[in-house]
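Asks: My questions will all concern the structure given below.
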Number of protein chains: 2
Amino acid sequence: MSPTDAYAALVADATELSVLQSCGAVLGWDQQTYMPKGGGPFRGEQLSLLAKLCHAKATDLKIGERLAAVEGSDLVKDADSVEAANAREWRHGYDRATKLPSRLVEELARVTTAAQEAWVEAKGKSDFVSFRPHLEKILLLKREEASCLVPPGGVGTSKDQLYDALLDEYEPGCTTAELRPLFASLTAELVPFIKAIGESSKKPDESVLRREFPTDRQKWFAESTAAAFGFDFTAGRLDTTSHPFCSAFGPGDCRLTTRYNPRFFNECFFGVLHEAGHGLYEQGLPADKFGTPCGAYCSLGVHESQSRFWENLIGRGRPFWDHAFPRLQQAFPGVLPNVTADQWHFAVNAVKPSLIRVEADEATYNLHVAIRFELELALIGGELAVADLPAAWNDKYESALGIRPTTDAEGCLQDIHWSFGGFGYFPTYTLGNLHAAHYFAHMPDPTDAIRRGEFRDVLGWLRTNVHAHGRRYRSGELTRRATGQPLTAEAFSKSLKGKLGALYGV
Amino acid sequence: MSPTDAYAALVADATELSVLQSCGAVLGWDQQTYMPKGGGPFRGEQLSLLAKLCHAKATDLKIGERLAAVEGSDLVKDADSVEAANAREWRHGYDRATKLPSRLVEELARVTTAAQEAWVEAKGKSDFVSFRPHLEKILLLKREEASCLVPPGGVGTSKDQLYDALLDEYEPGCTTAELRPLFASLTAELVPFIKAIGESSKKPDESVLRREFPTDRQKWFAESTAAAFGFDFTAGRLDTTSHPFCSAFGPGDCRLTTRYNPRFFNECFFGVLHEAGHGLYEQGLPADKFGTPCGAYCSLGVHESQSRFWENLIGRGRPFWDHAFPRLQQAFPGVLPNVTADQWHFAVNAVKPSLIRVEADEATYNLHVAIRFELELALIGGELAVADLPAAWNDKYESALGIRPTTDAEGCLQDIHWSFGGFGYFPTYTLGNLHAAHYFAHMPDPTDAIRRGEFRDVLGWLRTNVHAHGRRYRSGELTRRATGQPLTAEAFSKSLKGKLGALYGV
């Protein structure tokens with residue numbers, strides 16, 4: 001088979017795999033939005049069949065043969081070409097999929113399915129003991145998975161190498177060695193900053209966020225803001241769910257979800273901005289490359305950067321509310337007559353140490369992630385026993401945020417990730433925050449346009465510099481090319497401290 | 001391979017095929033309910049991939065080998081056993097799928113896809129000429145398909161044999177020879193009856209159906225009626241669409257759809273009763289046999305019998321409105337204060353010859369089907385050229401119903417079926433009406449229970465005598481076993497003439 005033919009076959013295979021995966025995405029979306037309760041067991045059978053068919057496609061030995069024909073050929077000589085990038089990513093995915101013995105893959109699927117059910121129950125009862133054996137099994141299997149994936153040749157395997165292998169699933173190319181100082185410096189900077197905020201006499205009046213906001217108007221206001229950002233509702237929609245997410249099926253069809261609290265503004269509004277950020281990224285991926293790596297999102301960190309960009313850097317910025325606050329008052333007549341844009345802006349930027357990551361403010365959020373990063377490293381490295389996790393968790397919260405969970409439901413049981421084996425996933429949340437601020441700091445100053453409610457140039461910059469490339473470059477390289485600078489935490493710290501420092505006078 | 005092992009493998013294969021088909025059903029439902037416009041092209045790719053994978057599974061040569069091992073074995077000695085019935089239906093489906101050359105299957109798929117698009121446009125412009133070449137191609141291919149399916153051995157092939165082969169896809173075992181006298185006698189009886197109704201001085205006041213019925217209350221009233229019939233909304237739901245349908249994904253998940261007209265009561269309400277009838281059937285199929293013929297609906301005619309049963313025999317019956325009319329008045333306060341249950345019952349049973357099948361009343365409905373049956377036979381038999389179809393159609397409407405279409409959009413372009421190659425489909429609508437009335441006439445008299453709004457025994461009878469058997473018996477045999485009598489048009493005629501005769505005094 002010629003390299004050209006092999007490459008064309010790889011494109012066709014990959015596209016078919018993506019289309020099949022997207023069928024599962026439709027079923028998953030329906031499961032979380034409209035499916036009646038009684039449909040649960042059968043939906044599980046449907047999704048598991050699709051997963052089986054996808055796995056068979058992803059590990060087809062023909063892929064390996066075709067990759068061998070493409071690699072080293074003239075077709076991929078230029079490492080920056082689309083062809084070379086696709087071949088690189090296909091190799092990455094194929095190796096990950098085929099290095100794992102099928103016994104391990106099946107056991108992980110079985111164990112994590114049971115663990116997710118056990119987690120729901122354990123969290124409901126705040127009963128860590130019942131979840132503990134599941135987590136122990138998962139850890140053993142994830143360590144085995146990581147061992148299979150670590151490049152061979154070294155003597156022994158360090159815990160960083162194991163964690164690198166897990167990270168690599170979500171943020172290809174990112175290493176524990178890079179993350180360690182990043183989290184250390186973030187923690188060192190944020191802990192005293194949050195403490196100072198807590199001691200400040202300036203406080204926002206958060207009660208304005210907890211007035212009556214009729215849900216139909218919340219939907220309208222959130223949708224019209226997402227549309228103003230550039231989300232195309234002829235190629236997407238917004239539905240209701242209990243755990244909001246964004247699911248892009250393929251070109252022309254991207255689904256946002258949210259939930260409504262008629263007595264709390266933030267839940268729907270900032271949730272929709274967040275999911276719309278994910279959606280804008282998906283709508284900006286090159287549709288003509290759908291199914292190949294260059295038509296797919298770069299990494300979870302970059303994906304999260306897009307959601308945090310619109311949610312926080314735009315949606316929680318003072319310039320945005322210049323334009324949006326009068327419209328907000330109009331959208332909810334009689335609800336906010338005696339509130340100013342400044343008061344509102346302060347309220348949506350309230351900082352307060354809290355126990356639940358998904359409810360955390362911009363300043364404390366990364367401490368939640370730093371804690372999970374440290375605990376994951378210790379668990380994977382075998383330095384922390386699962387039995388000691390709750391105490392370790394609580395100690396870290398006390399030390400970083402000055403508050404201690406009283407139940408494991410608001411402690412180490414709060415997040416679903418570990419129950420599905422998602423070790424290495426959490427750091428991408430912080431990477432998202434850092435990339436977002438880095439982009440914002442390096443694009444042409446959008447302040448005036450945002451004040452006028454114009455987002456075309458902001459989105460245009462992201463489209464050109466981030467979205468259009470898909471997975472052509474790894475996240476570090478993508479961001480370096482987009483901004484001319486390697487990613488650091490500097491832009492994030494500066495923007496956070498600038499905004500919150502002014503509000504709280506610290 | 002032992003017959004037992006072969007049978008077990010056939011069950012596993014068939015179940016996997018059904019699960020995969022059900023994934024397509026979810027995507028199809030979403031396409032008709034929530035999918036944004038921009039998602040259309042990609043949805044086409046998803047559905048076409050699933051169809052390809054399903055076709056490959058359905059025609060896998062292993063099925064033939066396994067069937068050969070099962071057929072003639074002790075396992076299927078008892079022709080009435082579940083095993084024998086499954087083997088019979090697998091053979092039926094496998095032969096249909098494998099007797100057709102793949103060139104023909106692909107050409108039919110290609111031609112009907114284009115034809116459906118052309119039909120939408122042609123209907124919109126009432127432009128038969130643009131649709132004509134598509135229909136000509138389809139007819140050629142369907143004749144070829146029928147020729148491939150006709151049992152070999154005879155000298156030449158009659159037009160009845162060709163039409164039998166097409167009917168067999170929708171109503172296995174049903175023949176043109178049975179249908180011909182059925183439609184002839186129905187036509188002979190209905191034409192003068194409808195004429196007499198038209199000449200009667202008694203007329204319902206249909207304006208009561210066209211008052212203001214707020215759509216949210218329409219939804220509530222229709223849902224609560226469907227729930228009272230026994231539709232399980234923890235295992236199903238009702239959504240909005242433009243062409244209502246019922247789609248059962250699998251055990252525990254059945255989706256009804258409807259559309260709302262705030263100024264016309266019938267559209268949503270009787271539509272929901274109709275779809276709920278389909279849904280009750282699906283919810284009554286034996287879940288433990290899902291994926292095998294004995295867990296699937298018997299035929300399109302039997303499926304339609306269940307929808308028409310609840311829509312017409314229950315929902316348009318006088319006993320039903322004894323219970324439901326006071327509730328209807330409560331559900332729409334101030335809308336029907338000066339209307340009686342008798343007036344309302346007369347209004348929902350109004351008979352009036354009209355051009356559009358899907359809007360036809362119970363009396364004229366079967367004439368619409370009889371016309372299509374005659375035209376299909378003539379088209380398949382080569383006695384009617386496609387070019388002459390519009391005139392033949394219009395003549396038949398004039399002769400049967402006394403009205404003549406002035407455009408082809410309200411004539412031979414009105415239904416989608418021919419554009420997807422669905423020759424042989426229409427007769428199942430009338431078979432549904434006949435089976436429904438036959439069941440109603442032969443079950444223990446439900447009148448008093450219906451008057452009290454109690455439907456448990458009615459549904460129980462259908463569950464036991466119809467639903468529970470799945471496809472274990474062909475439709476004729478199923479109905480004979482259920483009622484002790486072979487299907488005739490007698491019960492239908494009697495019930496229709498009894499009700500309408502009294503209302504119109506004819």
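The chains in the structure tokens are called A, B, ... from first to last as shown; in each chain the residues are counted from 1, and the ligands are counted from 1 in the order shown.
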Should the cut-off be 9 Å, what would the residue list for chain B against chain A look like, counting only C-alpha atoms, as a ChimeraX atom specification?

Replies: /B:16,19-20,22-24,26-27,30,34-43,45-47,49-50,233-237,249-254

Asks: Which residues, written as a ChimeraX atom specification, have at least one atom at most 12 Å from B:Ser399, with only C-alpha atoms counted and residues fewer than 4 positions away on the same chain left out?

Replies: /B:187-188,191-192,195,353,367-368,371,392-395,403-405

Asks: Those same residues - C-alpha atoms - I'd like them written as a compact mmCIF listing (two decimals), in the first residue's frame.

Replies:
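Ended up saving to out16.txt:
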# COMPACT_ATOMS: atom_id res chain seq x y z
CA THR B 187 -65.81 0.14 -1.19
CA ALA B 188 -69.19 -1.26 -2.17
CA VAL B 191 -69.56 4.56 -0.95
CA PRO B 192 -73.38 4.54 -0.60
CA LYS B 195 -73.37 9.31 0.27
CA PRO B 353 -65.36 13.36 2.07
CA LEU B 367 -61.61 4.55 0.62
CA HIS B 368 -58.38 6.55 0.52
CA ILE B 371 -57.71 3.87 -4.08
CA ALA B 392 -56.20 8.01 -12.64
CA TRP B 393 -55.90 9.23 -9.07
CA ASN B 394 -58.28 12.12 -9.60
CA ASP B 395 -60.83 9.95 -11.40
CA ILE B 403 -64.63 15.19 -5.00
CA ARG B 404 -61.75 15.83 -7.36
CA PRO B 405 -58.31 17.18 -6.43

Asks: With DSSP run on the backbone, what are the alpha helix (DSSP H) residues within stretch 166-330 of chain B? I'd like them as a PyMOL selection string.

Replies: chain B and resi 166-170+176-199+215-229+265-284+300-308+318-330

Asks: Could you jot down the atom CA of A:Ala184 to atom CA of A:Trp310 separation for me, Å, one decimal place?

Replies: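 Between atom CA of A:Ala184 and atom CA of A:Trp310 the gap is 26.4 Å.
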
Asks: Please provide the set of residues having any atom within 12 Å of A:Asp445, restricted to only C-alpha atoms, with same-chain residues fewer than 3 positions apart removed, written as an mmCIF file with N, CA and C atoms, in the first residue's frame.

Replies:
data_model
loop_
_atom_site.group_PDB
_atom_site.id
_atom_site.type_symbol
_atom_site.label_atom_id
_atom_site.label_comp_id
_atom_site.auth_asym_id
_atom_site.auth_seq_id
_atom_site.Cartn_x
_atom_site.Cartn_y
_atom_site.Cartn_z
ATOM 1 N N PRO A 319 -16.026 45.291 31.822
ATOM 2 C CA PRO A 319 -16.480 45.821 30.524
ATOM 3 C C PRO A 319 -17.756 45.144 30.022
ATOM 4 N N TYR A 439 -4.402 33.733 26.638
ATOM 5 C CA TYR A 439 -4.951 34.196 25.357
ATOM 6 C C TYR A 439 -5.474 35.622 25.499
ATOM 7 N N PHE A 440 -6.238 35.829 26.564
ATOM 8 C CA PHE A 440 -6.869 37.134 26.761
ATOM 9 C C PHE A 440 -5.816 38.233 26.836
ATOM 10 N N ALA A 441 -4.710 37.924 27.510
ATOM 11 C CA ALA A 441 -3.662 38.933 27.688
ATOM 12 C C ALA A 441 -2.897 39.205 26.399
ATOM 13 N N HIS A 442 -2.879 38.237 25.480
ATOM 14 C CA HIS A 442 -2.064 38.391 24.283
ATOM 15 C C HIS A 442 -2.845 38.708 23.018
ATOM 16 N N ASP A 448 -12.771 47.796 24.626
ATOM 17 C CA ASP A 448 -13.781 48.715 24.096
ATOM 18 C C ASP A 448 -14.896 47.972 23.363
ATOM 19 N N ALA A 449 -14.494 46.974 22.584
ATOM 20 C CA ALA A 449 -15.510 46.203 21.855
ATOM 21 C C ALA A 449 -16.448 45.500 22.830
ATOM 22 N N ILE A 450 -15.883 44.923 23.867
ATOM 23 C CA ILE A 450 -16.714 44.223 24.863
ATOM 24 C C ILE A 450 -17.691 45.201 25.505
ATOM 25 N N ARG A 451 -17.200 46.402 25.805
ATOM 26 C CA ARG A 451 -18.072 47.434 26.399
ATOM 27 C C ARG A 451 -19.260 47.743 25.503
ATOM 28 N N PHE A 455 -18.430 41.142 20.030
ATOM 29 C CA PHE A 455 -17.508 40.050 20.334
ATOM 30 C C PHE A 455 -16.889 39.416 19.095
ATOM 31 N N ASP A 457 -14.533 40.326 17.026
ATOM 32 C CA ASP A 457 -13.076 40.284 16.908
ATOM 33 C C ASP A 457 -12.450 39.334 17.930
ATOM 34 N N VAL A 458 -13.042 39.307 19.118
ATOM 35 C CA VAL A 458 -12.543 38.372 20.137
ATOM 36 C C VAL A 458 -12.690 36.944 19.636
ATOM 37 N N TRP A 461 -10.346 36.154 16.795
ATOM 38 C CA TRP A 461 -8.971 35.849 17.199
ATOM 39 C C TRP A 461 -8.859 34.394 17.662
#

Asks: Atom CA of A:Ala400 and atom CA of A:Ser354, how far apart in Å?

Replies: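 Atom CA of A:Ala400 lies at a distance of 10.9 Å from atom CA of A:Ser354.
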
Asks: Which residues, written as a VMD selection string, have at least one atom at most 8 Å from A:Phe270, with only C-alpha atoms counted and residues fewer than 4 positions away on the same chain left out?

Replies: chain A and resid 266 274 311 315

Asks: Excluding A:Thr15 and its own-chain neighbours fewer than 5 positions away, which residues fall within 8 Å of it when counting only C-alpha atoms? Please give them as an mmCIF file with C-alpha atoms, in the first residue's frame.

Replies:
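Here's the written file result24.cif:
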data_model
loop_
_atom_site.group_PDB
_atom_site.id
_atom_site.type_symbol
_atom_site.label_atom_id
_atom_site.label_comp_id
_atom_site.auth_asym_id
_atom_site.auth_seq_id
_atom_site.Cartn_x
_atom_site.Cartn_y
_atom_site.Cartn_z
ATOM 1 C CA PHE A 290 -14.099 16.364 10.820
ATOM 2 C CA GLY A 291 -13.136 12.887 11.889
ATOM 3 C CA THR A 292 -9.380 13.494 11.769
#

Asks: Any chance you could list, as an MDAnalysis selection string, the residues in stretch 162-324 of chain B that come up strand (DSSP E) when DSSP is run on the backbone?

Replies: chainID B and resid 236:240 246:250 253:258

Asks: Save the residues we just selected, C-alpha atoms, as a PDB file, in the first residue's frame?

Replies:
ATOM      1  CA  GLY B 236     -41.889   6.957  27.676  1.00  0.00           C
ATOM      2  CA  ARG B 237     -42.587  10.603  26.914  1.00  0.00           C
ATOM      3  CA  LEU B 238     -44.422  12.963  24.605  1.00  0.00           C
ATOM      4  CA  ASP B 239     -42.615  15.546  22.478  1.00  0.00           C
ATOM      5  CA  THR B 240     -43.492  17.904  19.675  1.00  0.00           C
ATOM      6  CA  CYS B 246     -44.264   6.804  17.847  1.00  0.00           C
ATOM      7  CA  SER B 247     -40.774   5.393  18.177  1.00  0.00           C
ATOM      8  CA  ALA B 248     -39.987   2.604  20.627  1.00  0.00           C
ATOM      9  CA  PHE B 249     -36.262   2.398  21.240  1.00  0.00           C
ATOM     10  CA  GLY B 250     -36.383  -0.741  23.356  1.00  0.00           C
ATOM     11  CA  ASP B 253     -38.217   3.703  26.421  1.00  0.00           C
ATOM     12  CA  CYS B 254     -41.026   4.597  24.044  1.00  0.00           C
ATOM     13  CA  ARG B 255     -41.376   8.075  22.559  1.00  0.00           C
ATOM     14  CA  LEU B 256     -44.679   9.576  21.440  1.00  0.00           C
ATOM     15  CA  THR B 257     -44.835  12.763  19.424  1.00  0.00           C
ATOM     16  CA  THR B 258     -47.588  15.173  18.484  1.00  0.00           C
TER      17      THR B 258
END

Asks: Which residue gives the smallest distance to B:Ala122 among B:Gln343, B:His134, B:Ser185, B:Lys396, with only C-alpha atoms counted?

Replies: B:His134

Asks: Rounded to one decimal place, report the atom CA of A:Val208-atom CA of A:Pro333 distance in Å.

Replies: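 Straight-line distance from atom CA of A:Val208 to atom CA of A:Pro333 works out to 13.9 Å.
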
Asks: I need the residue nearest A:Arg88 from this list: A:Cys294, A:Ala409, A:Leu328, A:Leu139. Use only C-alpha atoms for the distance.

Replies: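 For A:Arg88, the nearest of the candidates is A:Cys294.
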
Asks: Excluding same-chain residues fewer than 2 positions from B:Phe265, what lies within 7 Å of it counting only C-alpha atoms, as a compact mmCIF listing (two decimals) with N, CA and C atoms, in the first residue's frame?

Replies:
# COMPACT_ATOMS: atom_id res chain seq x y z
N LEU B 209 -65.04 22.18 17.94
CA LEU B 209 -63.67 21.65 17.93
C LEU B 209 -62.66 22.73 17.61
N ARG B 210 -63.19 23.89 17.12
CA ARG B 210 -62.30 24.94 16.63
C ARG B 210 -62.33 26.17 17.52
N PHE B 213 -58.13 26.29 22.31
CA PHE B 213 -57.64 25.26 23.22
C PHE B 213 -56.15 25.50 23.49
N ARG B 263 -56.25 26.14 17.75
CA ARG B 263 -57.62 26.40 17.32
C ARG B 263 -58.29 25.14 16.76
N GLU B 267 -56.36 17.61 16.41
CA GLU B 267 -55.01 17.35 15.90
C GLU B 267 -54.12 16.74 16.98
N CYS B 268 -54.01 17.39 18.11
CA CYS B 268 -53.19 16.85 19.19
C CYS B 268 -53.87 15.66 19.85
N PHE B 269 -55.14 15.82 20.24
CA PHE B 269 -55.75 14.81 21.11
C PHE B 269 -55.86 13.45 20.43

Asks: Using only C-alpha atoms, which residue out of B:Gly64, B:Gly421, B:Pro181, B:Gly501 lies closest to B:Gly93?

Replies: B:Gly64

Asks: List the spatial neighbours of B:His92 as a PDB file with C-alpha atoms, in the first residue's frame - criterion: any atom at most 10 Å away, only C-alpha atoms, same-chain residues fewer than 4 positions off excluded.

Replies:
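Dumped to out_38.pdb:
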ATOM      1  CA  ASN B  86     -38.101 -17.164  15.786  1.00  0.00           C
ATOM      2  CA  ALA B  87     -36.465 -19.466  13.245  1.00  0.00           C
ATOM      3  CA  ARG B  88     -39.357 -18.907  10.807  1.00  0.00           C
ATOM      4  CA  ARG B  96     -35.570 -11.165   1.966  1.00  0.00           C
ATOM      5  CA  ALA B  97     -32.249  -9.490   2.751  1.00  0.00           C
ATOM      6  CA  ASP B 168     -44.825  -9.382   2.520  1.00  0.00           C
ATOM      7  CA  GLU B 169     -42.360  -6.795   3.788  1.00  0.00           C
ATOM      8  CA  PRO B 172     -45.954 -11.123   6.197  1.00  0.00           C
TER       9      PRO B 172
END
